[in-house]
>>> print(open('start_6.cif').read())   # mmCIF, C-alpha atoms
data_work
#
loop_
_atom_site.label_atom_id
_atom_site.label_comp_id
_atom_site.auth_asym_id
_atom_site.auth_seq_id
_atom_site.Cartn_x
_atom_site.Cartn_y
_atom_site.Cartn_z
CA MET A 1 24.44 -30.17 21.87
CA THR A 2 25.90 -26.72 21.38
CA ASP A 3 29.63 -26.55 20.78
CA PRO A 4 31.03 -25.59 24.21
CA THR A 5 33.72 -23.39 22.66
CA GLN A 6 31.34 -21.00 20.95
CA ARG A 7 30.11 -17.80 22.47
CA ALA A 8 26.59 -17.19 23.69
CA ALA A 9 24.37 -17.22 20.64
CA THR A 10 21.32 -15.41 21.98
CA GLY A 11 20.35 -12.60 24.29
CA PRO A 12 21.99 -9.22 24.83
CA GLY A 13 25.21 -10.94 25.95
CA ARG A 14 25.60 -12.86 22.66
CA ASP A 15 29.21 -11.69 22.28
CA ARG A 16 30.26 -12.95 25.69
CA ARG A 17 31.76 -16.33 26.48
CA ARG A 18 29.49 -19.20 27.46
CA VAL A 19 29.60 -20.13 31.15
CA VAL A 20 29.18 -23.69 32.39
CA VAL A 21 28.96 -25.23 35.86
CA THR A 22 31.45 -28.02 36.42
CA GLY A 23 31.09 -28.66 40.14
CA TYR A 24 29.16 -27.72 43.24
CA GLY A 25 29.17 -28.31 46.96
CA ALA A 26 26.70 -27.63 49.76
CA VAL A 27 26.41 -27.64 53.53
CA THR A 28 22.80 -27.38 54.69
CA PRO A 29 20.48 -28.35 57.56
CA LEU A 30 19.84 -31.52 55.53
CA GLY A 31 23.45 -32.64 55.11
CA HIS A 32 27.08 -31.72 54.61
CA THR A 33 27.23 -32.53 50.90
CA VAL A 34 25.12 -32.05 47.79
CA GLU A 35 24.29 -35.77 47.73
CA GLU A 36 23.07 -35.79 51.34
CA THR A 37 21.02 -32.64 50.81
CA TRP A 38 19.54 -33.86 47.53
CA THR A 39 18.58 -37.26 48.96
CA ALA A 40 16.80 -35.59 51.88
CA LEU A 41 14.97 -33.16 49.57
CA LEU A 42 13.68 -35.95 47.35
CA ALA A 43 12.48 -37.79 50.45
CA GLY A 44 10.62 -34.68 51.61
CA ARG A 45 12.60 -34.63 54.85
CA SER A 46 12.75 -31.41 56.85
CA GLY A 47 15.90 -30.03 58.46
CA ILE A 48 13.97 -27.67 60.72
CA ALA A 49 13.89 -28.36 64.45
CA THR A 50 14.05 -26.72 67.86
CA VAL A 51 17.30 -24.77 68.00
CA ALA A 52 19.81 -26.70 70.09
CA ALA A 53 23.17 -24.92 69.75
CA ILE A 54 22.19 -21.69 71.50
CA ASP A 55 20.14 -20.67 74.50
CA VAL A 56 16.66 -19.83 73.20
CA THR A 57 15.15 -19.19 76.61
CA GLY A 58 12.75 -16.28 76.43
CA LEU A 59 12.76 -16.05 72.64
CA GLY A 60 9.43 -15.90 70.88
CA VAL A 61 10.80 -18.09 68.07
CA ARG A 62 12.82 -21.14 69.09
CA ILE A 63 13.06 -23.11 65.82
CA GLY A 64 15.49 -22.97 62.92
CA GLY A 65 17.43 -24.90 60.36
CA GLN A 66 20.84 -25.57 61.90
CA VAL A 67 23.81 -27.36 60.38
CA ARG A 68 24.25 -30.29 62.76
CA GLY A 69 27.27 -32.50 63.31
CA PHE A 70 29.60 -30.40 61.19
CA THR A 71 33.27 -31.19 61.92
CA PRO A 72 35.57 -28.40 60.70
CA GLY A 73 38.61 -30.67 61.03
CA ARG A 74 37.44 -32.67 58.00
CA TYR A 75 37.95 -29.63 55.81
CA MET A 76 40.55 -27.35 57.36
CA PRO A 77 43.44 -27.32 59.85
CA PRO A 78 42.80 -26.12 63.42
CA ARG A 79 44.51 -22.78 62.80
CA VAL A 80 41.84 -22.00 60.19
CA SER A 81 38.82 -23.34 62.08
CA ARG A 82 39.85 -21.42 65.20
CA ARG A 83 39.77 -18.10 63.38
CA ALA A 84 36.97 -18.70 60.86
CA ASP A 85 33.34 -17.98 61.65
CA PRO A 86 30.98 -20.91 60.95
CA TYR A 87 29.65 -19.17 57.84
CA ALA A 88 33.18 -19.15 56.40
CA GLN A 89 33.75 -22.75 57.49
CA TYR A 90 30.59 -23.85 55.65
CA ALA A 91 31.61 -21.89 52.56
CA LEU A 92 35.09 -23.42 52.53
CA ALA A 93 33.69 -26.95 52.92
CA ALA A 94 31.26 -26.37 50.05
CA ALA A 95 34.03 -24.94 47.87
CA LEU A 96 36.26 -27.96 48.45
CA GLU A 97 33.42 -30.31 47.47
CA ALA A 98 32.78 -28.25 44.35
CA CYS A 99 36.45 -28.27 43.34
CA ALA A 100 36.67 -32.03 43.87
CA GLN A 101 33.67 -32.66 41.62
CA ALA A 102 35.06 -30.29 38.98
CA GLY A 103 38.53 -31.83 39.18
CA LEU A 104 39.81 -28.30 39.62
CA VAL A 105 43.44 -27.92 40.65
CA VAL A 106 44.59 -24.31 40.62
CA ASP A 107 48.16 -24.37 39.37
CA GLU A 108 50.53 -21.46 38.83
CA ARG A 109 49.34 -20.91 35.27
CA LEU A 110 45.62 -20.91 36.09
CA ALA A 111 45.75 -19.09 39.44
CA PRO A 112 45.61 -15.49 38.11
CA ARG A 113 42.48 -16.39 36.14
CA VAL A 114 40.57 -17.92 39.08
CA ALA A 115 38.25 -15.65 41.08
CA VAL A 116 36.10 -16.11 44.19
CA VAL A 117 32.77 -14.41 44.94
CA VAL A 118 30.82 -15.34 48.08
CA GLY A 119 27.51 -13.75 48.97
CA SER A 120 26.17 -13.37 52.49
CA GLY A 121 23.29 -11.50 54.02
CA TYR A 122 24.64 -11.46 57.56
CA GLY A 123 28.29 -12.48 57.33
CA PRO A 124 30.26 -13.60 60.40
CA VAL A 125 27.69 -12.38 62.92
CA GLY A 126 28.46 -15.08 65.47
CA SER A 127 32.09 -13.96 65.63
CA ILE A 128 31.02 -10.33 65.89
CA TYR A 129 28.69 -11.03 68.81
CA ARG A 130 31.33 -13.14 70.58
CA ALA A 131 33.96 -10.41 70.14
CA ALA A 132 31.60 -7.85 71.65
CA ASP A 133 30.98 -10.16 74.61
CA ARG A 134 34.74 -10.69 75.14
CA LEU A 135 35.41 -6.97 75.03
CA ARG A 136 32.71 -6.39 77.65
CA ASP A 137 33.83 -9.26 79.89
CA ARG A 138 37.63 -9.25 79.47
CA GLY A 139 38.54 -5.85 78.11
CA PRO A 140 40.73 -4.99 75.09
CA ARG A 141 43.33 -7.69 75.82
CA GLY A 142 40.65 -10.32 75.31
CA ILE A 143 40.31 -9.46 71.62
CA SER A 144 42.22 -11.64 69.14
CA PRO A 145 44.44 -9.87 66.60
CA PHE A 146 42.56 -11.84 63.92
CA THR A 147 39.26 -10.22 64.90
CA GLN A 148 39.41 -7.40 62.38
CA VAL A 149 39.72 -9.82 59.47
CA THR A 150 37.61 -12.76 60.62
CA THR A 151 34.63 -10.53 61.47
CA ALA A 152 34.66 -9.03 57.97
CA MET A 153 32.10 -9.85 55.29
CA ASP A 154 34.85 -10.94 52.88
CA SER A 155 36.35 -13.55 55.22
CA ALA A 156 34.68 -16.52 53.50
CA ALA A 157 35.94 -15.45 50.07
CA CYS A 158 39.43 -14.89 51.48
CA GLU A 159 39.54 -18.30 53.18
CA ILE A 160 38.54 -20.01 49.92
CA ALA A 161 41.01 -18.03 47.83
CA MET A 162 43.88 -18.80 50.20
CA ARG A 163 43.00 -22.48 50.40
CA VAL A 164 42.71 -23.14 46.65
CA GLY A 165 45.33 -20.61 45.55
CA ALA A 166 43.01 -18.35 43.53
CA GLN A 167 44.85 -15.17 42.56
CA GLY A 168 42.09 -13.49 40.57
CA PRO A 169 39.62 -11.11 42.23
CA SER A 170 38.09 -12.30 45.50
CA ARG A 171 35.20 -10.40 46.98
CA ALA A 172 32.03 -10.44 49.04
CA GLN A 173 28.50 -9.80 47.81
CA SER A 174 25.78 -8.67 50.20
CA THR A 175 22.21 -8.18 48.99
CA ALA A 176 20.23 -9.82 51.78
CA CYS A 177 18.37 -12.96 50.63
CA ALA A 178 19.52 -12.43 47.03
CA SER A 179 23.22 -12.53 47.97
CA GLY A 180 23.99 -16.07 46.80
CA ALA A 181 22.22 -15.61 43.47
CA ASP A 182 23.85 -12.23 42.93
CA ALA A 183 27.29 -13.71 43.68
CA VAL A 184 26.73 -16.39 41.03
CA GLY A 185 25.51 -13.72 38.62
CA ALA A 186 28.59 -11.62 39.32
CA GLY A 187 30.81 -14.64 38.65
CA MET A 188 28.98 -15.29 35.40
CA ARG A 189 29.61 -11.71 34.30
CA MET A 190 33.30 -11.91 35.22
CA ILE A 191 33.77 -14.94 32.99
CA GLY A 192 31.50 -13.74 30.23
CA HIS A 193 33.43 -10.52 29.84
CA GLY A 194 36.91 -11.99 30.21
CA GLU A 195 37.84 -10.89 33.73
CA ALA A 196 38.32 -14.51 34.83
CA ASP A 197 38.25 -18.01 33.35
CA VAL A 198 37.05 -19.79 36.51
CA VAL A 199 34.99 -18.41 39.40
CA LEU A 200 34.12 -20.12 42.65
CA ALA A 201 30.79 -18.45 43.37
CA GLY A 202 28.07 -19.00 45.93
CA GLY A 203 26.69 -17.93 49.27
CA ALA A 204 26.90 -18.66 52.98
CA ASP A 205 25.27 -17.62 56.23
CA ALA A 206 25.26 -18.80 59.85
CA CYS A 207 22.73 -16.48 61.45
CA VAL A 208 20.71 -18.81 63.67
CA THR A 209 21.65 -16.69 66.67
CA ALA A 210 19.65 -15.32 69.58
CA VAL A 211 20.05 -11.77 68.28
CA ASP A 212 18.84 -12.61 64.77
CA LEU A 213 15.99 -14.83 65.92
CA ALA A 214 14.87 -12.06 68.27
CA GLY A 215 15.13 -9.32 65.65
CA SER A 216 13.39 -11.18 62.85
CA GLY A 217 10.85 -12.53 65.31
CA ASN A 218 10.04 -9.05 66.56
CA ALA A 219 9.60 -7.99 62.95
CA ARG A 220 6.95 -10.74 62.69
CA ALA A 221 8.79 -12.25 59.75
CA LEU A 222 9.33 -15.71 61.30
CA SER A 223 6.96 -18.61 61.73
CA GLY A 224 5.85 -19.04 65.31
CA ARG A 225 5.13 -22.78 65.09
CA ASN A 226 7.54 -23.69 67.89
CA ASP A 227 5.59 -26.84 68.75
CA ASP A 228 5.64 -28.25 65.21
CA PRO A 229 8.97 -27.28 63.61
CA THR A 230 8.81 -29.52 60.53
CA ALA A 231 5.43 -28.01 59.59
CA ALA A 232 6.54 -24.43 60.22
CA CYS A 233 7.74 -23.43 56.76
CA ARG A 234 4.71 -23.50 54.46
CA PRO A 235 5.48 -21.83 51.12
CA PHE A 236 2.45 -21.05 49.00
CA ASP A 237 0.10 -22.52 51.61
CA ALA A 238 -2.93 -20.54 52.73
CA HIS A 239 -1.93 -21.03 56.39
CA ARG A 240 1.68 -19.85 56.15
CA ASP A 241 2.82 -17.52 58.92
CA GLY A 242 6.47 -16.67 58.23
CA PHE A 243 9.85 -18.01 57.21
CA VAL A 244 12.25 -20.16 59.24
CA MET A 245 15.78 -18.87 59.87
CA SER A 246 18.41 -21.33 58.69
CA GLU A 247 22.11 -21.59 57.91
CA GLY A 248 24.35 -23.20 55.32
CA ALA A 249 26.41 -22.64 52.20
CA ALA A 250 26.77 -23.60 48.57
CA VAL A 251 29.58 -22.89 46.14
CA LEU A 252 29.63 -23.61 42.40
CA VAL A 253 32.58 -23.84 40.03
CA LEU A 254 31.77 -21.64 37.05
CA GLU A 255 34.00 -21.85 34.00
CA ALA A 256 34.29 -20.44 30.54
CA ALA A 257 33.12 -23.31 28.33
CA GLU A 258 36.43 -23.40 26.46
CA THR A 259 38.37 -23.56 29.74
CA ALA A 260 36.28 -26.50 30.95
CA GLU A 261 36.73 -28.28 27.62
CA ARG A 262 40.48 -27.70 27.68
CA ARG A 263 40.68 -29.16 31.20
CA GLY A 264 38.55 -32.14 30.20
CA ALA A 265 35.96 -31.17 32.82
CA THR A 266 32.33 -32.28 32.53
CA ALA A 267 29.79 -29.49 32.13
CA LEU A 268 26.84 -30.14 34.45
CA ALA A 269 24.76 -27.27 33.11
CA GLU A 270 25.06 -23.97 31.29
CA LEU A 271 24.54 -20.83 33.36
CA ALA A 272 22.65 -18.93 30.69
CA GLY A 273 21.04 -15.87 32.23
CA TYR A 274 21.10 -13.50 35.18
CA GLY A 275 18.94 -10.54 36.09
CA ALA A 276 18.77 -8.27 39.14
CA SER A 277 16.72 -5.30 40.28
CA SER A 278 15.62 -3.24 43.27
CA ASP A 279 12.06 -2.60 44.42
CA ALA A 280 12.91 0.86 45.77
CA HIS A 281 9.84 0.42 47.94
CA HIS A 282 10.27 -0.88 51.53
CA TRP A 283 12.86 -2.47 53.83
CA THR A 284 10.99 -5.73 54.38
CA ALA A 285 7.86 -5.77 52.20
CA PRO A 286 8.05 -6.53 48.47
CA HIS A 287 6.54 -4.09 46.03
CA PRO A 288 2.79 -4.84 46.11
CA GLU A 289 2.69 -5.30 42.34
CA GLY A 290 5.94 -7.25 42.21
CA ARG A 291 7.56 -4.72 39.89
CA GLY A 292 11.12 -5.41 41.00
CA GLY A 293 10.66 -9.17 40.86
CA CYS A 294 9.27 -8.92 37.33
CA LEU A 295 12.21 -6.78 36.25
CA ALA A 296 14.74 -9.33 37.56
CA VAL A 297 13.03 -12.37 36.03
CA GLU A 298 12.46 -10.64 32.71
CA ALA A 299 16.11 -9.56 32.63
CA ALA A 300 17.32 -13.10 33.34
CA LEU A 301 15.18 -14.60 30.59
CA ARG A 302 16.25 -11.89 28.17
CA ASP A 303 19.89 -12.42 29.09
CA ALA A 304 19.54 -16.14 28.40
CA GLY A 305 17.62 -15.62 25.18
CA VAL A 306 14.81 -17.72 26.66
CA THR A 307 11.07 -17.21 26.27
CA ALA A 308 8.47 -18.00 28.90
CA ALA A 309 7.41 -21.01 26.82
CA GLN A 310 10.87 -22.55 27.23
CA VAL A 311 10.94 -22.52 31.05
CA ASP A 312 10.42 -26.07 32.34
CA TYR A 313 10.87 -25.66 36.10
CA VAL A 314 10.90 -22.86 38.64
CA ASN A 315 12.71 -23.19 41.95
CA ALA A 316 10.83 -20.39 43.65
CA HIS A 317 12.05 -18.10 46.41
CA GLY A 318 8.96 -19.26 48.33
CA THR A 319 9.74 -18.19 51.89
CA GLY A 320 6.38 -18.93 53.49
CA THR A 321 5.67 -15.32 54.41
CA LEU A 322 2.29 -13.79 53.64
CA LEU A 323 3.57 -11.04 51.36
CA ASN A 324 6.44 -12.78 49.56
CA ASP A 325 4.49 -15.80 48.39
CA ALA A 326 1.50 -13.84 47.12
CA THR A 327 3.77 -11.37 45.33
CA GLU A 328 5.91 -14.12 43.82
CA VAL A 329 2.86 -15.87 42.39
CA ALA A 330 1.85 -12.57 40.81
CA VAL A 331 5.35 -12.14 39.36
CA LEU A 332 5.43 -15.63 37.87
CA ARG A 333 1.95 -15.28 36.41
CA ARG A 334 2.81 -11.92 34.87
CA VAL A 335 6.16 -12.97 33.38
CA LEU A 336 5.46 -16.60 32.47
CA GLY A 337 1.77 -16.27 31.71
CA GLU A 338 -0.12 -19.53 31.29
CA ARG A 339 3.17 -21.42 31.15
CA VAL A 340 3.37 -21.25 34.95
CA THR A 341 0.28 -23.45 35.21
CA ARG A 342 1.86 -26.19 33.08
CA ILE A 343 5.23 -26.63 34.79
CA PRO A 344 6.38 -27.60 38.29
CA VAL A 345 7.07 -24.73 40.71
CA SER A 346 8.54 -25.77 44.06
CA SER A 347 10.11 -24.18 47.11
CA THR A 348 12.78 -26.26 48.82
CA LYS A 349 12.85 -23.76 51.67
CA SER A 350 9.93 -25.78 52.97
CA MET A 351 12.56 -28.33 54.03
CA THR A 352 15.80 -26.36 54.41
CA GLY A 353 14.32 -23.20 55.89
CA HIS A 354 15.64 -19.87 54.65
CA MET A 355 19.45 -19.92 54.50
CA ILE A 356 19.48 -16.18 53.66
CA GLY A 357 22.68 -15.50 51.67
CA ALA A 358 23.17 -19.19 50.94
CA ALA A 359 19.63 -19.74 49.68
CA GLY A 360 20.06 -18.62 46.08
CA ALA A 361 23.21 -20.68 45.60
CA VAL A 362 21.76 -23.82 47.20
CA GLU A 363 18.59 -23.47 45.13
CA LEU A 364 20.58 -23.08 41.92
CA VAL A 365 22.29 -26.38 42.74
CA VAL A 366 18.85 -27.92 43.27
CA SER A 367 17.69 -26.52 39.93
CA ILE A 368 20.63 -28.10 38.12
CA GLN A 369 20.04 -31.41 39.88
CA ALA A 370 16.43 -31.31 38.68
CA LEU A 371 17.56 -30.73 35.09
CA ARG A 372 20.05 -33.58 35.29
CA THR A 373 17.71 -36.14 36.87
CA GLY A 374 14.18 -35.06 35.97
CA ASP A 375 13.28 -35.24 39.66
CA VAL A 376 11.64 -32.13 41.12
CA PRO A 377 11.78 -31.85 44.93
CA PRO A 378 8.49 -31.09 46.65
CA THR A 379 7.06 -28.16 48.52
CA VAL A 380 6.20 -29.89 51.77
CA ASN A 381 3.45 -28.46 54.00
CA CYS A 382 1.63 -27.03 50.97
CA ASP A 383 -1.75 -28.37 52.04
CA GLU A 384 -3.98 -25.60 50.70
CA PRO A 385 -2.24 -23.88 47.74
CA ILE A 386 -2.89 -20.17 47.38
CA ASP A 387 -3.14 -20.66 43.61
CA PRO A 388 -4.74 -24.03 42.85
CA ASP A 389 -3.89 -23.78 39.15
CA ILE A 390 -0.14 -23.91 39.80
CA ASN A 391 1.65 -27.21 40.44
CA PHE A 392 3.62 -26.40 43.59
CA VAL A 393 4.76 -30.04 43.75
CA PRO A 394 2.97 -30.56 47.06
CA HIS A 395 4.33 -33.08 49.55
CA ARG A 396 6.09 -35.53 47.22
CA THR A 397 8.80 -35.46 44.57
CA GLN A 398 7.60 -35.52 40.98
CA HIS A 399 9.49 -36.85 37.96
CA HIS A 400 9.29 -34.80 34.77
CA GLU A 401 10.93 -35.96 31.56
CA GLY A 402 12.63 -33.52 29.23
CA LEU A 403 13.47 -30.69 31.62
CA ARG A 404 15.79 -28.38 29.70
CA THR A 405 15.58 -24.93 31.27
CA ALA A 406 15.13 -23.90 34.90
CA LEU A 407 14.53 -20.54 36.56
CA SER A 408 15.63 -19.84 40.14
CA THR A 409 14.35 -16.72 41.91
CA SER A 410 15.67 -14.85 44.96
CA PHE A 411 13.84 -11.87 46.46
CA GLY A 412 15.33 -10.22 49.55
CA PHE A 413 14.76 -7.65 52.26
CA GLY A 414 15.67 -4.16 51.11
CA GLY A 415 13.98 -4.88 47.79
CA HIS A 416 16.88 -6.89 46.34
CA ASN A 417 15.78 -9.21 43.53
CA ALA A 418 17.82 -11.71 41.50
CA ALA A 419 17.00 -14.46 39.03
CA LEU A 420 19.14 -17.10 37.36
CA VAL A 421 18.46 -19.25 34.31
CA VAL A 422 20.25 -22.57 33.76
CA ARG A 423 20.07 -24.91 30.79
CA ALA A 424 20.76 -28.61 30.48
CA VAL A 425 23.82 -29.59 28.42
#
>>> encode(input="start_6.cif", output="structure tokens")
Amino acid sequence: MTDPTQRAATGPGRDRRRVVVTGYGAVTPLGHTVEETWTALLAGRSGIATVAAIDVTGLGVRIGGQVRGFTPGRYMPPRVSRRADPYAQYALAAALEACAQAGLVVDERLAPRVAVVVGSGYGPVGSIYRAADRLRDRGPRGISPFTQVTTAMDSAACEIAMRVGAQGPSRAQSTACASGADAVGAGMRMIGHGEADVVLAGGADACVTAVDLAGSGNARALSGRNDDPTAACRPFDAHRDGFVMSEGAAVLVLEAAETAERRGATALAELAGYGASSDAHHWTAPHPEGRGGCLAVEAALRDAGVTAAQVDYVNAHGTGTLLNDATEVAVLRRVLGERVTRIPVSSTKSMTGHMIGAAGAVELVVSIQALRTGDVPPTVNCDEPIDPDINFVPHRTQHHEGLRTALSTSFGFGGHNAALVVRAV
């Protein structure tokens, strides 16, 4: 095992500090903790169903991945839950789980060196829509004085910082479906270059709303399988017809390796590489040759000092849309070459749906869990793979011994691309 106090030994960032993950938390359509979510993933259980929390009458798409049974009072006092949008509530719950696992207590000495970065594609849209309705129905006096802060994209990061006492930088990251991965990458950079010693980084979204279902549905981006929700998300399957809108959050505790060692914290994995790019091509369609995706994945591998031959597992973006899945296969084949036909490649969106800004963070947690256990969650509904030479882990969990390095990809609307590389410790 590498000495956790030494600096990164490979890649262009070899003079930066090593970054380890010491805790993580998640709130997803499959459960309110990492353990609940992981257990459901290994069982191949879907969290996608007919949307129940909103009126979907008249909508072309009436299915989604909702967080069900979430009780804010378990995680925050009423004064916080009353003001916080669900996306911020999920983020705060995930952050508290992550801190508990990491044994992280932010005292007066550590506080200035603790930062928070939360990514979100949509932010507190539910609160924004409700505020607009109140203004229309009740006039200006119906608007809460908290509205201007709780309808802001940075509200999740602020709630976490205030709750744990983090006095380092706290900020939002918004790059569509790559937001969660980019937030983790930003946190990695902050630690690597000495801006912080600990970063709570992740993503959150709560955009299963009538407006967002209507908009994405009208864009023909969503699956229309209203009568068979659990079969709707079909990554890498020949009969895929769109992604499924979902909600959730994940937050990871990132630490400089020497900080974690000094605290006596257990390193769960090393966050070794991060790469990002833009397609500069189209608002919703990926570049037809996958140029931006290749740039991001190549940059992440280079940053980690990892070759294609060292990648043991890919948690793919795998949305179940016609263009994304075909392009992502092309990207993986180009960057990983024949290696991609000898390792497991799975998309857990087949069970969670697409949690937008939360997706990259949740899928990084899944990647680390796979490294730690050897269990690779399946791609359910992958009945007829679009590339029969790739092991998409169809239908059932597979166990693979000796997983050391995992790649997690996130490709978003607007041409945002991000990739993360994690290593076992």
>>> resolve_selection(input="start_6.cif", expression="the PyMOL selection byres ((chain A and resi 180) around 6)", output="compact mmCIF listing (two decimals) with C-alpha atoms, keeping the file's coordinate frame")
# COMPACT_ATOMS: atom_id res chain seq x y z
CA GLY A 119 27.51 -13.75 48.97
CA ALA A 178 19.52 -12.43 47.03
CA SER A 179 23.22 -12.53 47.97
CA ALA A 181 22.22 -15.61 43.47
CA ASP A 182 23.85 -12.23 42.93
CA ALA A 183 27.29 -13.71 43.68
CA GLY A 202 28.07 -19.00 45.93
CA GLY A 203 26.69 -17.93 49.27
CA GLY A 357 22.68 -15.50 51.67
CA ALA A 358 23.17 -19.19 50.94
CA GLY A 360 20.06 -18.62 46.08
CA ALA A 361 23.21 -20.68 45.60
>>> resolve_selection(input="start_6.cif", expression="the PyMOL selection byres ((chain A and resi 222) around 10)", output="PyMOL selection string")
chain A and resi 60-61+63-64+213-221+223-225+232-233+241-245+319-321
>>> resolve_selection(input="start_6.cif", expression="the PyMOL selection byres ((chain A and resi 68) around 12)", output="PyMOL selection string")
chain A and resi 27-32+47-53+64-67+69-72+86+90+206+246-248
>>> closest_residue(input="start_6.cif", among="A:Val251, A:Val297, A:Val105, A:Ala115", to="A:Asp197", atoms="all atoms listed in the file")
A:Ala115
>>> closest_residue(input="start_6.cif", among="A:Asp55, A:Glu384, A:Glu289, A:Glu36", to="A:Asp237", atoms="only C-alpha atoms")
A:Glu384
>>> residues_around(input="start_6.cif", residues="A:Val362", least_positions_apart="4", cutoff="7 Å", atoms="all atoms listed in the file", output="PyMOL selection string")
chain A and resi 26+249-250+358+366
>>> write_last_selection(input="start_6.cif", atoms="C-alpha atoms", output="mmCIF file, in the frame of the given file")
data_model
loop_
_atom_site.group_PDB
_atom_site.id
_atom_site.type_symbol
_atom_site.label_atom_id
_atom_site.label_comp_id
_atom_site.auth_asym_id
_atom_site.auth_seq_id
_atom_site.Cartn_x
_atom_site.Cartn_y
_atom_site.Cartn_z
ATOM 1 C CA ALA A 26 26.700 -27.630 49.760
ATOM 2 C CA ALA A 249 26.410 -22.640 52.200
ATOM 3 C CA ALA A 250 26.770 -23.600 48.570
ATOM 4 C CA ALA A 358 23.170 -19.190 50.940
ATOM 5 C CA VAL A 366 18.850 -27.920 43.270
#
>>> residues_near_point(input="start_6.cif", point="(16.1, -38.3, 54.9)", cutoff="12 Å", atoms="all atoms listed in the file", output="list in words")
Pro29, Leu30, Gly31, Glu35, Glu36, Thr37, Trp38, Thr39, Ala40, Leu41, Leu42, Ala43, Gly44, Arg45, Ser46, Gly47, Met351 and Thr352 of chain A
>>> atom_distance(input="start_6.cif", atom1="atom CA of A:Ala308", atom2="atom CA of A:Gly337")
7.5 Å
>>> atom_distance(input="start_6.cif", atom1="atom CA of A:Pro385", atom2="atom CA of A:Gly293")
20.7 Å
>>> atom_distance(input="start_6.cif", atom1="atom CA of A:Val20", atom2="atom CA of A:Gly318")
26.1 Å
>>> residues_around(input="start_6.cif", residues="stretch 368-370 of chain A", least_positions_apart="6", cutoff="9 Å", atoms="all atoms listed in the file", output="VMD selection string")
chain A and resid 38 268 to 269 313 376 to 377 399 to 400 403 406 422 to 424
>>> closest_residue(input="start_6.cif", among="A:Asp279, A:Asp228, A:Asp312, A:Asp85", to="A:Arg404", atoms="all atoms listed in the file")
A:Asp312
>>> closest_residue(input="start_6.cif", among="A:Ser347, A:Thr175, A:Thr341, A:Asn315", to="A:Val118", atoms="all atoms listed in the file")
A:Thr175
>>> closest_residue(input="start_6.cif", among="A:Val311, A:Gln398, A:Ala95, A:Ala231", to="A:Thr373", atoms="all atoms listed in the file")
A:Gln398
>>> closest_residue(input="start_6.cif", among="A:Val365, A:Arg130, A:Ile386, A:Glu328", to="A:Gly142", atoms="all atoms listed in the file")
A:Arg130
>>> axis_aligned_box(input="start_6.cif", around="stretch 260-264 of chain A", padding_each_side="4 Å", output="lines of an AutoDock Vina configuration file")
center_x = 38.5
center_y = -29.3
center_z = 29.4
size_x = 12.4
size_y = 13.6
size_z = 11.6
>>> residues_around(input="start_6.cif", residues="A:Ala285", least_positions_apart="5", cutoff="8 Å", atoms="only C-alpha atoms", output="VMD selection string")
chain A and resid 323 to 324 413 415
>>> write_last_selection(input="start_6.cif", atoms="C-alpha atoms", output="mmCIF file, in the frame of the given file")
data_model
loop_
_atom_site.group_PDB
_atom_site.id
_atom_site.type_symbol
_atom_site.label_atom_id
_atom_site.label_comp_id
_atom_site.auth_asym_id
_atom_site.auth_seq_id
_atom_site.Cartn_x
_atom_site.Cartn_y
_atom_site.Cartn_z
ATOM 1 C CA LEU A 323 3.570 -11.040 51.360
ATOM 2 C CA ASN A 324 6.440 -12.780 49.560
ATOM 3 C CA PHE A 413 14.760 -7.650 52.260
ATOM 4 C CA GLY A 415 13.980 -4.880 47.790
#
>>> residues_around(input="start_6.cif", residues="stretch 194-196 of chain A", least_positions_apart="2", cutoff="10 Å", atoms="only C-alpha atoms", output="ChimeraX atom specification")
/A:16-17,110-116,168-169,187-192,198-199,254-256
>>> build_atoms(input="start_6.cif", residues="stretch 37-45 of chain A", atoms="N, CA and C atoms", output="PDB file, in the frame of the given file")
ATOM      1  N   THR A  37      22.104 -33.628  50.881  1.00  0.00           N
ATOM      2  CA  THR A  37      21.020 -32.640  50.810  1.00  0.00           C
ATOM      3  C   THR A  37      19.984 -33.047  49.781  1.00  0.00           C
ATOM      4  N   TRP A  38      20.444 -33.475  48.611  1.00  0.00           N
ATOM      5  CA  TRP A  38      19.540 -33.860  47.530  1.00  0.00           C
ATOM      6  C   TRP A  38      18.700 -35.074  47.921  1.00  0.00           C
ATOM      7  N   THR A  39      19.311 -36.057  48.539  1.00  0.00           N
ATOM      8  CA  THR A  39      18.580 -37.260  48.960  1.00  0.00           C
ATOM      9  C   THR A  39      17.479 -36.892  49.951  1.00  0.00           C
ATOM     10  N   ALA A  40      17.798 -36.006  50.892  1.00  0.00           N
ATOM     11  CA  ALA A  40      16.800 -35.590  51.880  1.00  0.00           C
ATOM     12  C   ALA A  40      15.664 -34.807  51.223  1.00  0.00           C
ATOM     13  N   LEU A  41      16.004 -33.939  50.266  1.00  0.00           N
ATOM     14  CA  LEU A  41      14.970 -33.160  49.570  1.00  0.00           C
ATOM     15  C   LEU A  41      14.009 -34.083  48.826  1.00  0.00           C
ATOM     16  N   LEU A  42      14.547 -35.050  48.107  1.00  0.00           N
ATOM     17  CA  LEU A  42      13.680 -35.950  47.350  1.00  0.00           C
ATOM     18  C   LEU A  42      12.783 -36.773  48.274  1.00  0.00           C
ATOM     19  N   ALA A  43      13.276 -37.033  49.481  1.00  0.00           N
ATOM     20  CA  ALA A  43      12.480 -37.790  50.450  1.00  0.00           C
ATOM     21  C   ALA A  43      11.464 -36.907  51.181  1.00  0.00           C
ATOM     22  N   GLY A  44      11.521 -35.596  50.935  1.00  0.00           N
ATOM     23  CA  GLY A  44      10.620 -34.680  51.610  1.00  0.00           C
ATOM     24  C   GLY A  44      10.923 -34.509  53.084  1.00  0.00           C
ATOM     25  N   ARG A  45      12.208 -34.684  53.440  1.00  0.00           N
ATOM     26  CA  ARG A  45      12.600 -34.630  54.850  1.00  0.00           C
ATOM     27  C   ARG A  45      12.972 -33.206  55.249  1.00  0.00           C
TER      28      ARG A  45
END
